[in-house]
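Structure, as structure tokens:
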Amino acid sequence: MNSSGFVRAHTLVGRAALVPEIALHLASEITPIWQATESWLAERDMEPPFWAFAWPGGIATARMILDEPAHVAGLRVLDFAAGCGIAAIAAAKAGAALVEAAEIDPLATAAIALNAELNGVAVTALLEDVVGADCRWDVILAGDVCYEAPMTAHILPWLRGMARQGARVLLADPGRAYLPREGLRVVRVLEVPTTRELEDRERRVVTVAELV
């Protein structure tokens, strides 16, 4: 079974809280897909199936973009560490000129491609670590990326560099521990319903902020 087949076999088409406009291949419960992917991941040295869920940061970013298309309309957009690709799909729906969604997990890029097809939009799924790449985007969307110290240390200098080169970098964070405390300008705050299968509470307050 290839990556696309695996995604189809272990998900159902659903819609995330707050973003009914976007259909996604999602896990209906957390435990079965984690068990189903354990041997697959071990054989292929892949990441856990974060792509199978719509996380609060991505949901908040997508909702903001659909409500306020001017954030991306006519622009080149990167959805960084895109997961299921919900923010990328929202950007495409909102009229972005070009949308790329970067992930390091082949299952994630397969899910992004399937989700884009499901919604009838053009999103290019990039299977690569784009950290260190030259800036070719006008807007970079990054949701829920500051959850671990090593991850934050890896990505934040590059994201700040992108901002210095003229890209608008939007971080959507639901209160993760390693979010930087300085150099952020709040753009929007949303309350996002979540599930105790993924979070330690039923709602998360997500701040979408621009790196400045």
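Here, A, B, ... name the chains of the structure tokens in the order displayed, residue numbers run from 1 inside each chain, and ligands are numbered from 1 in the same displayed order.
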
Query raised in the report: Which polymer residues have any atom within 8 Å of an atom of segment 53-60 of chain A, counting only C-alpha atoms, with same-chain residues fewer than 3 positions away left out, as number ranges by chain?
Result: A: 16-19, 26-27, 50, 63-64, 82-87, 142-144, 172-174, 190, 192-194, 204, 206, 208

Requested in this report: Taking the DSSP assignment computed from this structure's backbone, write out as JSON, numbers by chain all residues of segment 6-205 of chain A that belong to helix (DSSP H, G or I).
Outcome: {"A": [6, 7, 8, 9, 30, 31, 32, 33, 34, 35, 36, 37, 38, 39, 40, 41, 42, 43, 44, 50, 51, 52, 56, 57, 58, 59, 60, 61, 62, 63, 64, 65, 66, 67, 69, 70, 71, 86, 87, 88, 89, 90, 91, 92, 93, 106, 107, 108, 109, 110, 111, 112, 113, 114, 115, 116, 117, 118, 119, 149, 150, 151, 152, 153, 154, 155, 156, 157, 158, 159, 160, 161, 162, 163, 164]}

Query - Spatial neighbours of Val212 of chain A, max dist 10 Å, only C-alpha atoms, sep filter under 5 positions, as a list in words - result: Arg160, Ala163, Arg164, Arg168, Val169, Leu170, Glu182, Gly183, Leu184 and Arg185 of chain A

Taking only chain A into account, list the residues labelled strand (DSSP E) by DSSP (computed from the backbone), as a short mmCIF file (atom, residue, chain, number, x, y, z; two decimals) with N, CA and C atoms, in the first residue's frame.
```cif
data_model
loop_
_atom_site.label_atom_id
_atom_site.label_comp_id
_atom_site.auth_asym_id
_atom_site.auth_seq_id
_atom_site.Cartn_x
_atom_site.Cartn_y
_atom_site.Cartn_z
N LEU A 12 -11.37 9.20 7.60
CA LEU A 12 -12.68 9.47 7.05
C LEU A 12 -12.72 10.94 6.65
N VAL A 13 -13.53 11.26 5.66
CA VAL A 13 -13.67 12.66 5.28
C VAL A 13 -14.53 13.37 6.32
N GLY A 14 -13.99 14.46 6.86
CA GLY A 14 -14.70 15.24 7.87
C GLY A 14 -14.37 16.70 7.73
N ARG A 15 -14.87 17.50 8.67
CA ARG A 15 -14.65 18.95 8.65
C ARG A 15 -14.27 19.40 10.05
N ALA A 23 -13.16 20.31 3.57
CA ALA A 23 -13.24 18.88 3.86
C ALA A 23 -11.82 18.32 3.95
N LEU A 24 -11.63 17.38 4.87
CA LEU A 24 -10.29 16.82 5.11
C LEU A 24 -10.38 15.32 5.37
N HIS A 25 -9.31 14.61 5.00
CA HIS A 25 -9.16 13.22 5.42
C HIS A 25 -8.62 13.24 6.85
N LEU A 26 -9.45 12.85 7.82
CA LEU A 26 -9.08 12.95 9.23
C LEU A 26 -9.28 11.61 9.94
N ARG A 76 2.14 34.79 -2.89
CA ARG A 76 2.78 33.47 -2.85
C ARG A 76 2.85 33.04 -1.38
N VAL A 77 2.25 31.89 -1.08
CA VAL A 77 2.06 31.47 0.31
C VAL A 77 2.74 30.13 0.56
N LEU A 78 3.41 30.03 1.70
CA LEU A 78 3.93 28.75 2.20
C LEU A 78 3.22 28.39 3.48
N ASP A 79 2.64 27.20 3.54
CA ASP A 79 2.14 26.63 4.79
C ASP A 79 3.27 25.74 5.32
N PHE A 80 3.96 26.20 6.35
CA PHE A 80 5.16 25.53 6.87
C PHE A 80 4.76 24.52 7.95
N LEU A 98 -0.13 31.45 -5.47
CA LEU A 98 0.59 30.18 -5.42
C LEU A 98 0.59 29.71 -3.97
N VAL A 99 0.35 28.43 -3.76
CA VAL A 99 0.35 27.88 -2.40
C VAL A 99 1.22 26.62 -2.38
N GLU A 100 2.21 26.63 -1.47
CA GLU A 100 3.01 25.44 -1.21
C GLU A 100 2.83 25.04 0.24
N ALA A 101 2.86 23.74 0.49
CA ALA A 101 2.71 23.21 1.84
C ALA A 101 3.86 22.26 2.11
N ALA A 102 4.70 22.60 3.07
CA ALA A 102 5.92 21.83 3.31
C ALA A 102 5.76 20.91 4.51
N GLU A 103 6.22 19.68 4.34
CA GLU A 103 6.23 18.66 5.41
C GLU A 103 7.42 17.74 5.19
N THR A 124 0.70 22.78 -3.84
CA THR A 124 1.86 21.93 -4.08
C THR A 124 2.41 21.43 -2.76
N ALA A 125 2.41 20.13 -2.55
CA ALA A 125 2.93 19.53 -1.32
C ALA A 125 4.43 19.29 -1.49
N LEU A 126 5.23 19.91 -0.64
CA LEU A 126 6.69 19.79 -0.70
C LEU A 126 7.16 18.80 0.36
N LEU A 127 7.76 17.71 -0.06
CA LEU A 127 8.33 16.74 0.87
C LEU A 127 9.78 17.12 1.13
N VAL A 139 4.06 35.30 2.02
CA VAL A 139 3.45 35.00 3.32
C VAL A 139 3.85 33.58 3.72
N ILE A 140 4.26 33.41 4.98
CA ILE A 140 4.55 32.09 5.53
C ILE A 140 3.63 31.86 6.72
N LEU A 141 2.86 30.78 6.66
CA LEU A 141 1.93 30.41 7.72
C LEU A 141 2.56 29.27 8.53
N ALA A 142 2.57 29.41 9.85
CA ALA A 142 3.15 28.37 10.71
C ALA A 142 2.24 28.19 11.92
N GLY A 143 1.54 27.08 11.97
CA GLY A 143 0.63 26.81 13.07
C GLY A 143 1.14 25.71 13.98
N ARG A 168 5.91 38.02 5.13
CA ARG A 168 5.06 38.18 6.31
C ARG A 168 4.91 36.80 6.96
N VAL A 169 5.44 36.64 8.16
CA VAL A 169 5.43 35.35 8.84
C VAL A 169 4.38 35.39 9.94
N LEU A 170 3.38 34.51 9.83
CA LEU A 170 2.28 34.45 10.78
C LEU A 170 2.37 33.17 11.59
N LEU A 171 2.56 33.29 12.88
CA LEU A 171 2.59 32.15 13.80
C LEU A 171 1.23 32.05 14.49
N ALA A 172 0.63 30.88 14.42
CA ALA A 172 -0.63 30.64 15.12
C ALA A 172 -0.35 29.67 16.26
N ASP A 173 -0.50 30.12 17.49
CA ASP A 173 -0.07 29.32 18.63
C ASP A 173 -1.16 29.26 19.71
N LEU A 184 6.70 39.76 18.41
CA LEU A 184 5.44 39.31 17.85
C LEU A 184 4.41 40.43 17.91
N ARG A 185 3.64 40.57 16.86
CA ARG A 185 2.53 41.52 16.85
C ARG A 185 1.24 40.73 16.65
N VAL A 186 0.32 40.82 17.61
CA VAL A 186 -0.91 40.05 17.55
C VAL A 186 -1.78 40.54 16.40
N VAL A 187 -2.25 39.58 15.58
CA VAL A 187 -3.12 39.88 14.45
C VAL A 187 -4.56 39.52 14.77
N ARG A 188 -4.75 38.36 15.38
CA ARG A 188 -6.11 37.92 15.72
C ARG A 188 -6.04 36.87 16.83
N VAL A 189 -7.07 36.82 17.65
CA VAL A 189 -7.20 35.81 18.70
C VAL A 189 -8.52 35.08 18.50
N LEU A 190 -8.47 33.75 18.47
CA LEU A 190 -9.67 32.94 18.29
C LEU A 190 -9.72 31.84 19.34
N GLU A 191 -10.92 31.48 19.74
CA GLU A 191 -11.12 30.33 20.62
C GLU A 191 -11.54 29.14 19.77
N VAL A 192 -10.77 28.06 19.84
CA VAL A 192 -10.95 26.91 18.96
C VAL A 192 -11.39 25.69 19.77
N PRO A 193 -12.53 25.09 19.45
CA PRO A 193 -12.91 23.84 20.10
C PRO A 193 -11.89 22.75 19.75
N ARG A 203 -11.19 23.46 24.82
CA ARG A 203 -11.08 24.64 23.98
C ARG A 203 -9.68 25.22 24.15
N ARG A 204 -9.16 25.77 23.09
CA ARG A 204 -7.86 26.43 23.13
C ARG A 204 -8.00 27.86 22.59
N VAL A 205 -7.39 28.80 23.27
CA VAL A 205 -7.32 30.16 22.75
C VAL A 205 -6.06 30.26 21.90
N VAL A 206 -6.25 30.55 20.62
CA VAL A 206 -5.14 30.59 19.67
C VAL A 206 -4.87 32.04 19.29
N THR A 207 -3.61 32.42 19.41
CA THR A 207 -3.18 33.75 18.99
C THR A 207 -2.45 33.64 17.66
N VAL A 208 -2.92 34.38 16.68
CA VAL A 208 -2.22 34.48 15.40
C VAL A 208 -1.41 35.78 15.46
N ALA A 209 -0.08 35.66 15.37
CA ALA A 209 0.79 36.81 15.52
C ALA A 209 1.79 36.87 14.38
N GLU A 210 2.18 38.08 14.01
CA GLU A 210 3.17 38.29 12.97
C GLU A 210 4.54 38.51 13.58
N LEU A 211 5.56 37.85 13.04
CA LEU A 211 6.93 38.11 13.47
C LEU A 211 7.35 39.48 13.00
#
```

Report task. Identify which of the residues A:Ala73, A:Met162, A:Ile89, A:Met151 lies closest to Leu118 of chain A, counting only C-alpha atoms when measuring atom-to-atom distances. Result ->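 Answer, going by the shortest atom-to-atom distance: A:Ile89.
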
Requested in this report: Can you work out the spacing between atom CA of Gly95 of chain A and atom CA of Leu66 of chain A in Å, to one decimal?
Outcome: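 Straight-line distance from atom CA of Gly95 of chain A to atom CA of Leu66 of chain A works out to 9.8 Å.
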
Requested in this report: Compare A:Thr109, A:Thr195, A:Asn119, A:Gln165 by their minimum atom-to-atom distance to Ala81 of chain A, counting only C-alpha atoms, and give me the closest one.
Outcome: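 Result for the nearest residue to Ala81 of chain A: A:Thr109.
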